[in-house]
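So this block is my_file-v6.pdb, PDB, C-alpha atoms, pLDDT in the B column:
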MODEL        1
ATOM      1  CA  MET A   1     -10.804  21.409  15.409  1.00 41.00           C
ATOM      2  CA  ILE A   2      -8.962  18.346  16.698  1.00 45.00           C
ATOM      3  CA  VAL A   3      -5.217  18.256  16.104  1.00 45.00           C
ATOM      4  CA  ASP A   4      -3.743  14.773  16.235  1.00 48.00           C
ATOM      5  CA  LYS A   5      -0.028  15.073  16.966  1.00 51.00           C
ATOM      6  CA  SER A   6       0.355  11.271  16.814  1.00 51.00           C
ATOM      7  CA  PHE A   7      -0.288  11.256  13.043  1.00 52.00           C
ATOM      8  CA  LYS A   8       2.605   9.304  11.528  1.00 56.00           C
ATOM      9  CA  MET A   9       2.259   9.998   7.798  1.00 61.00           C
ATOM     10  CA  PHE A  10       5.993  10.649   7.524  1.00 72.00           C
ATOM     11  CA  ILE A  11       7.072   7.557   9.457  1.00 83.00           C
ATOM     12  CA  GLU A  12       8.358   4.826   7.161  1.00 89.00           C
ATOM     13  CA  THR A  13       8.537   1.228   8.257  1.00 90.00           C
ATOM     14  CA  GLU A  14      11.346  -0.623   6.530  1.00 90.00           C
ATOM     15  CA  VAL A  15      10.624  -4.105   5.220  1.00 92.00           C
ATOM     16  CA  PRO A  16      13.445  -6.323   6.542  1.00 90.00           C
ATOM     17  CA  GLU A  17      15.814  -7.633   3.857  1.00 91.00           C
ATOM     18  CA  ASN A  18      15.455 -11.232   4.994  1.00 89.00           C
ATOM     19  CA  GLU A  19      11.638 -11.373   5.089  1.00 90.00           C
ATOM     20  CA  LEU A  20       8.842 -11.546   2.558  1.00 94.00           C
ATOM     21  CA  ILE A  21       5.329 -10.233   2.938  1.00 97.00           C
ATOM     22  CA  ILE A  22       2.863 -12.848   1.731  1.00 97.00           C
ATOM     23  CA  SER A  23      -0.886 -12.706   1.329  1.00 98.00           C
ATOM     24  CA  ARG A  24      -3.672 -14.351  -0.627  1.00 98.00           C
ATOM     25  CA  THR A  25      -6.985 -12.878  -1.691  1.00 98.00           C
ATOM     26  CA  ASP A  26     -10.172 -14.151  -3.229  1.00 97.00           C
ATOM     27  CA  LEU A  27     -10.969 -13.097  -6.777  1.00 96.00           C
ATOM     28  CA  ASN A  28     -12.467  -9.827  -5.496  1.00 95.00           C
ATOM     29  CA  GLY A  29      -9.322  -8.795  -3.597  1.00 95.00           C
ATOM     30  CA  VAL A  30     -10.559  -9.759  -0.122  1.00 97.00           C
ATOM     31  CA  ILE A  31      -7.706 -11.043   2.062  1.00 98.00           C
ATOM     32  CA  THR A  32      -7.939 -14.753   2.873  1.00 98.00           C
ATOM     33  CA  TYR A  33      -4.401 -15.205   4.251  1.00 97.00           C
ATOM     34  CA  ALA A  34      -1.809 -12.815   5.699  1.00 97.00           C
ATOM     35  CA  ASN A  35       1.553 -13.972   6.999  1.00 97.00           C
ATOM     36  CA  ASP A  36       2.962 -12.603  10.259  1.00 96.00           C
ATOM     37  CA  THR A  37       5.369 -10.315   8.381  1.00 96.00           C
ATOM     38  CA  PHE A  38       2.464  -8.676   6.525  1.00 97.00           C
ATOM     39  CA  ALA A  39       0.654  -8.110   9.809  1.00 97.00           C
ATOM     40  CA  LYS A  40       3.736  -6.765  11.571  1.00 96.00           C
ATOM     41  CA  ILE A  41       4.807  -4.391   8.775  1.00 96.00           C
ATOM     42  CA  SER A  42       1.260  -3.112   8.169  1.00 96.00           C
ATOM     43  CA  GLY A  43       0.594  -2.621  11.887  1.00 95.00           C
ATOM     44  CA  TYR A  44      -2.463  -4.864  11.922  1.00 96.00           C
ATOM     45  CA  GLU A  45      -3.119  -8.152  13.648  1.00 95.00           C
ATOM     46  CA  PRO A  46      -3.634 -11.016  11.148  1.00 94.00           C
ATOM     47  CA  GLU A  47      -7.305 -11.316  12.172  1.00 94.00           C
ATOM     48  CA  GLU A  48      -7.808  -7.605  11.395  1.00 96.00           C
ATOM     49  CA  LEU A  49      -6.645  -8.236   7.817  1.00 97.00           C
ATOM     50  CA  ILE A  50      -8.508 -11.477   7.043  1.00 98.00           C
ATOM     51  CA  GLY A  51     -11.853 -10.722   5.420  1.00 98.00           C
ATOM     52  CA  LYS A  52     -10.916  -7.128   4.549  1.00 97.00           C
ATOM     53  CA  PRO A  53     -10.263  -5.829   1.021  1.00 97.00           C
ATOM     54  CA  HIS A  54      -6.545  -5.659   0.270  1.00 96.00           C
ATOM     55  CA  SER A  55      -7.105  -1.963  -0.365  1.00 95.00           C
ATOM     56  CA  ILE A  56      -7.100  -1.555   3.439  1.00 96.00           C
ATOM     57  CA  VAL A  57      -3.363  -0.862   2.963  1.00 97.00           C
ATOM     58  CA  ARG A  58      -3.719   1.325  -0.138  1.00 95.00           C
ATOM     59  CA  HIS A  59      -1.789   4.549   0.350  1.00 94.00           C
ATOM     60  CA  PRO A  60      -3.381   7.743  -1.039  1.00 91.00           C
ATOM     61  CA  ASP A  61      -0.086   8.538  -2.811  1.00 91.00           C
ATOM     62  CA  MET A  62      -0.688   5.596  -5.161  1.00 94.00           C
ATOM     63  CA  PRO A  63      -2.153   6.567  -8.538  1.00 95.00           C
ATOM     64  CA  LYS A  64      -5.400   4.790  -9.426  1.00 93.00           C
ATOM     65  CA  SER A  65      -3.916   3.848 -12.807  1.00 95.00           C
ATOM     66  CA  VAL A  66      -1.379   1.532 -11.150  1.00 96.00           C
ATOM     67  CA  PHE A  67      -4.172  -0.561  -9.641  1.00 95.00           C
ATOM     68  CA  LYS A  68      -6.170  -0.476 -12.878  1.00 96.00           C
ATOM     69  CA  GLU A  69      -3.125  -1.870 -14.687  1.00 97.00           C
ATOM     70  CA  LEU A  70      -2.633  -4.468 -11.927  1.00 97.00           C
ATOM     71  CA  TRP A  71      -6.257  -5.717 -12.141  1.00 95.00           C
ATOM     72  CA  ASP A  72      -6.354  -5.601 -15.955  1.00 97.00           C
ATOM     73  CA  THR A  73      -3.164  -7.706 -16.058  1.00 97.00           C
ATOM     74  CA  LEU A  74      -4.499 -10.254 -13.561  1.00 96.00           C
ATOM     75  CA  LYS A  75      -7.834 -10.518 -15.377  1.00 94.00           C
ATOM     76  CA  ARG A  76      -5.928 -11.410 -18.579  1.00 95.00           C
ATOM     77  CA  GLY A  77      -4.468 -14.354 -16.648  1.00 95.00           C
ATOM     78  CA  GLU A  78      -1.006 -12.811 -16.431  1.00 97.00           C
ATOM     79  CA  SER A  79       1.198 -12.066 -13.417  1.00 98.00           C
ATOM     80  CA  TRP A  80       1.870  -8.479 -12.368  1.00 98.00           C
ATOM     81  CA  SER A  81       4.930  -6.981 -10.661  1.00 98.00           C
ATOM     82  CA  GLY A  82       5.522  -3.438  -9.537  1.00 98.00           C
ATOM     83  CA  TYR A  83       6.358  -0.963  -6.794  1.00 98.00           C
ATOM     84  CA  ILE A  84       3.685  -0.120  -4.248  1.00 98.00           C
ATOM     85  CA  LYS A  85       3.591   2.319  -1.368  1.00 97.00           C
ATOM     86  CA  ASN A  86       1.296   0.919   1.317  1.00 97.00           C
ATOM     87  CA  LEU A  87      -0.464   2.551   4.231  1.00 95.00           C
ATOM     88  CA  ARG A  88       0.020   1.227   7.759  1.00 95.00           C
ATOM     89  CA  LYS A  89      -2.770   1.091  10.323  1.00 94.00           C
ATOM     90  CA  ASP A  90      -1.125   4.021  12.187  1.00 91.00           C
ATOM     91  CA  LYS A  91      -1.048   6.005   8.892  1.00 89.00           C
ATOM     92  CA  GLY A  92       2.693   5.494   8.448  1.00 91.00           C
ATOM     93  CA  TYR A  93       3.808   3.782   5.246  1.00 94.00           C
ATOM     94  CA  TYR A  94       6.046   1.136   3.730  1.00 96.00           C
ATOM     95  CA  TRP A  95       7.298   0.397   0.213  1.00 97.00           C
ATOM     96  CA  VAL A  96       7.308  -3.033  -1.429  1.00 98.00           C
ATOM     97  CA  TYR A  97       8.042  -4.620  -4.746  1.00 98.00           C
ATOM     98  CA  ALA A  98       5.028  -6.859  -5.309  1.00 98.00           C
ATOM     99  CA  HIS A  99       4.683 -10.021  -7.414  1.00 98.00           C
ATOM    100  CA  ILE A 100       1.021 -10.953  -7.844  1.00 98.00           C
ATOM    101  CA  SER A 101      -0.291 -13.967  -9.708  1.00 98.00           C
ATOM    102  CA  GLY A 102      -3.280 -16.232  -9.969  1.00 97.00           C
ATOM    103  CA  VAL A 103      -3.589 -19.514  -8.119  1.00 97.00           C
ATOM    104  CA  TYR A 104      -5.212 -22.274 -10.160  1.00 96.00           C
ATOM    105  CA  LYS A 105      -6.842 -25.553  -9.097  1.00 96.00           C
ATOM    106  CA  ASP A 106      -7.740 -28.017 -11.825  1.00 96.00           C
ATOM    107  CA  GLY A 107      -7.085 -25.299 -14.390  1.00 94.00           C
ATOM    108  CA  LYS A 108      -9.532 -22.872 -12.760  1.00 96.00           C
ATOM    109  CA  LEU A 109      -8.485 -19.534 -11.217  1.00 97.00           C
ATOM    110  CA  VAL A 110      -9.442 -19.676  -7.526  1.00 97.00           C
ATOM    111  CA  GLU A 111      -7.464 -16.894  -5.823  1.00 97.00           C
ATOM    112  CA  TYR A 112      -4.520 -14.513  -6.083  1.00 98.00           C
ATOM    113  CA  LYS A 113      -1.238 -14.653  -4.199  1.00 98.00           C
ATOM    114  CA  SER A 114       1.079 -11.760  -3.545  1.00 97.00           C
ATOM    115  CA  VAL A 115       4.698 -11.920  -2.466  1.00 98.00           C
ATOM    116  CA  ARG A 116       6.291  -8.604  -1.564  1.00 97.00           C
ATOM    117  CA  GLU A 117       9.906  -7.741  -0.942  1.00 96.00           C
ATOM    118  CA  PRO A 118      11.885  -4.692   0.245  1.00 96.00           C
ATOM    119  CA  VAL A 119      12.725  -1.744  -2.010  1.00 96.00           C
ATOM    120  CA  ALA A 120      16.036   0.164  -2.045  1.00 95.00           C
ATOM    121  CA  LYS A 121      15.873   3.838  -1.032  1.00 94.00           C
ATOM    122  CA  PRO A 122      16.900   5.291  -4.453  1.00 95.00           C
ATOM    123  CA  ILE A 123      14.058   3.349  -6.099  1.00 97.00           C
ATOM    124  CA  LYS A 124      11.570   4.559  -3.455  1.00 95.00           C
ATOM    125  CA  ILE A 125      12.504   8.167  -4.239  1.00 94.00           C
ATOM    126  CA  LYS A 126      12.266   7.584  -7.989  1.00 96.00           C
ATOM    127  CA  MET A 127       8.878   5.852  -7.658  1.00 95.00           C
ATOM    128  CA  GLN A 128       7.464   8.488  -5.286  1.00 92.00           C
ATOM    129  CA  ASN A 129       8.360  11.199  -7.814  1.00 92.00           C
ATOM    130  CA  HIS A 130       6.905   9.132 -10.678  1.00 95.00           C
ATOM    131  CA  TYR A 131       3.674   8.425  -8.802  1.00 94.00           C
ATOM    132  CA  ASP A 132       3.350  12.099  -7.812  1.00 91.00           C
ATOM    133  CA  GLU A 133       3.592  13.023 -11.514  1.00 92.00           C
ATOM    134  CA  LEU A 134       1.054  10.359 -12.503  1.00 91.00           C
ATOM    135  CA  ARG A 135      -1.456  11.470  -9.868  1.00 89.00           C
ATOM    136  CA  GLU A 136      -1.134  15.092 -10.885  1.00 89.00           C
ATOM    137  CA  LYS A 137      -1.559  14.272 -14.589  1.00 90.00           C
ATOM    138  CA  GLU A 138      -4.294  11.629 -14.289  1.00 88.00           C
ATOM    139  CA  GLU A 139      -6.237  12.725 -11.231  1.00 79.00           C
ATOM    140  CA  ASN A 140      -5.354  16.417 -10.896  1.00 81.00           C
ATOM    141  CA  SER A 141      -4.237  15.464  -7.405  1.00 72.00           C
ATOM    142  CA  CYS A 142      -1.031  16.381  -5.626  1.00 68.00           C
ATOM    143  CA  ARG A 143       0.616  15.906  -2.270  1.00 66.00           C
ATOM    144  CA  ILE A 144       0.933  19.062  -0.167  1.00 62.00           C
ATOM    145  CA  VAL A 145       2.833  19.368   3.077  1.00 59.00           C
ATOM    146  CA  ILE A 146       2.349  22.533   5.078  1.00 57.00           C
ATOM    147  CA  TYR A 147       4.464  23.517   8.040  1.00 58.00           C
ATOM    148  CA  SER A 148       3.018  26.064  10.394  1.00 56.00           C
ATOM    149  CA  SER A 149       3.754  27.515  13.798  1.00 60.00           C
ATOM    150  CA  CYS A 150       2.119  25.802  16.746  1.00 58.00           C
ATOM    151  CA  ASP A 151       0.512  29.152  17.612  1.00 63.00           C
ATOM    152  CA  ILE A 152      -1.709  28.816  14.552  1.00 56.00           C
ATOM    153  CA  LEU A 153      -2.724  25.308  15.599  1.00 53.00           C
ATOM    154  CA  ASP A 154      -3.580  26.562  19.077  1.00 62.00           C
ATOM    155  CA  LYS A 155      -5.809  29.257  17.559  1.00 60.00           C
ATOM    156  CA  LEU A 156      -7.542  26.683  15.362  1.00 58.00           C
ATOM    157  CA  LYS A 157      -8.350  24.598  18.435  1.00 59.00           C
ATOM    158  CA  GLU A 158     -10.263  27.522  20.009  1.00 60.00           C
TER     159      GLU A 158
ENDMDL
END
Would you mind writing the structure in this file as structure tokens?
Amino acid sequence: MIVDKSFKMFIETEVPENELIISRTDLNGVITYANDTFAKISGYEPEELIGKPHSIVRHPDMPKSVFKELWDTLKRGESWSGYIKNLRKDKGYYWVYAHISGVYKDGKLVEYKSVREPVAKPIKIKMQNHYDELREKEENSCRIVIYSSCDILDKLKE
């Protein structure tokens, strides 16, 4: 067994108050533009994001129903806003409040744009608890954190 002590699942990256995360995707959710703030906060280089599905930053704590609602709303031609916990490249995370809408040229939907902003700590806690409940109810899935002595880890390595 390999034990990776660099795993950063509990490390939160704060989105700066004075910056916005901006991206655009094609109609299938593939990233076509990522601003420098998106790259920096997510831990990727911009060229690592371009051409990848936006789900590259989907955190496993997020209930599937949130993204179903998001896509259903966009497909109806409406804008969607909501709280999202995203996964960084190093497996840390960051919270955003996202505003996603269609971009139209000559009346035809051609892409989606997303503008994300910081989230206050009390809202992050409330949303984490809400999403944990949703995942358990909808997906029979829950988050488990286990603390163990290092002796046990050493034995597992053998």
- Message: Just the number, please: distance in Å from atom CA of Lys52 of chain A to atom CA of Asp26 of chain A, one decimal.
- Response: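 About the pair atom CA of Lys52 of chain A and atom CA of Asp26 of chain A: they are 10.5 Å apart.
When you apply the PyMOL selection byres ((chain A and resi 36) around 12) to this structure, what comes back is Glu19, Leu20, Ile21, Ile22, Ser23, Tyr33, Ala34, Asn35, Thr37, Phe38, Ala39, Lys40, Ile41, Ser42, Gly43, Tyr44, Glu45, Pro46, Glu47, Glu48, Leu49 and Ile50 of chain A.
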Go ahead and save the residues from that selection, with C-alpha atoms, as a PDB file, in the coordinates of the input.
ATOM      1  CA  GLU A  19      11.638 -11.373   5.089  1.00 90.00           C
ATOM      2  CA  LEU A  20       8.842 -11.546   2.558  1.00 94.00           C
ATOM      3  CA  ILE A  21       5.329 -10.233   2.938  1.00 97.00           C
ATOM      4  CA  ILE A  22       2.863 -12.848   1.731  1.00 97.00           C
ATOM      5  CA  SER A  23      -0.886 -12.706   1.329  1.00 98.00           C
ATOM      6  CA  TYR A  33      -4.401 -15.205   4.251  1.00 97.00           C
ATOM      7  CA  ALA A  34      -1.809 -12.815   5.699  1.00 97.00           C
ATOM      8  CA  ASN A  35       1.553 -13.972   6.999  1.00 97.00           C
ATOM      9  CA  THR A  37       5.369 -10.315   8.381  1.00 96.00           C
ATOM     10  CA  PHE A  38       2.464  -8.676   6.525  1.00 97.00           C
ATOM     11  CA  ALA A  39       0.654  -8.110   9.809  1.00 97.00           C
ATOM     12  CA  LYS A  40       3.736  -6.765  11.571  1.00 96.00           C
ATOM     13  CA  ILE A  41       4.807  -4.391   8.775  1.00 96.00           C
ATOM     14  CA  SER A  42       1.260  -3.112   8.169  1.00 96.00           C
ATOM     15  CA  GLY A  43       0.594  -2.621  11.887  1.00 95.00           C
ATOM     16  CA  TYR A  44      -2.463  -4.864  11.922  1.00 96.00           C
ATOM     17  CA  GLU A  45      -3.119  -8.152  13.648  1.00 95.00           C
ATOM     18  CA  PRO A  46      -3.634 -11.016  11.148  1.00 94.00           C
ATOM     19  CA  GLU A  47      -7.305 -11.316  12.172  1.00 94.00           C
ATOM     20  CA  GLU A  48      -7.808  -7.605  11.395  1.00 96.00           C
ATOM     21  CA  LEU A  49      -6.645  -8.236   7.817  1.00 97.00           C
ATOM     22  CA  ILE A  50      -8.508 -11.477   7.043  1.00 98.00           C
TER      23      ILE A  50
END
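What separates atom CA of Tyr83 of chain A from atom CA of Asp132 of chain A is a distance of 13.4 Å.
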- Message: Please compute the atom CA of Trp80 of chain A-atom CA of Lys64 of chain A distance, one decimal, in Å.
- Response: 15.4 Å
- Message: Could you check the closest approach to Val115 of chain A for each of A:Val103, A:Glu138, A:Arg24, A:Pro53 and tell me which residue wins, using all atoms listed in the file?
- Response: A:Arg24
- Item | Best match for closeness to Glu111 of chain A among A:Lys75, A:Pro63, A:Thr13, A:Glu69, counting only C-alpha atoms | A:Lys75
- Task: Give me the result of the PyMOL selection byres ((chain A and resi 17) around 10) on this file, residue by residue, as a PyMOL selection string.
- Result: chain A and resi 14-16+18-20+117-120
- Test item: the PyMOL selection byres ((chain A and resi 54) around 7) resolved as an MDAnalysis selection string: chainID A and resid 29:31 52:53 55:57
Would you save the residues from that selection as a PDB file, in the coordinates of the input, using C-alpha atoms?
ATOM      1  CA  GLY A  29      -9.322  -8.795  -3.597  1.00 95.00           C
ATOM      2  CA  VAL A  30     -10.559  -9.759  -0.122  1.00 97.00           C
ATOM      3  CA  ILE A  31      -7.706 -11.043   2.062  1.00 98.00           C
ATOM      4  CA  LYS A  52     -10.916  -7.128   4.549  1.00 97.00           C
ATOM      5  CA  PRO A  53     -10.263  -5.829   1.021  1.00 97.00           C
ATOM      6  CA  SER A  55      -7.105  -1.963  -0.365  1.00 95.00           C
ATOM      7  CA  ILE A  56      -7.100  -1.555   3.439  1.00 96.00           C
ATOM      8  CA  VAL A  57      -3.363  -0.862   2.963  1.00 97.00           C
TER       9      VAL A  57
END
- Contacts of Ile11 of chain A at 10 Å or less, counting only C-alpha atoms, minus same-chain residues fewer than 6 places along, as a PyMOL selection string? chain A and resi 88+90-94
- Message: Using all atoms listed in the file - which residues lie no farther than 10 Å from the point (-6.0, -15.8, -16.7) in the file's frame? Write them as a ChimeraX atom specification.
- Response: /A:73-79,101-104,107-109
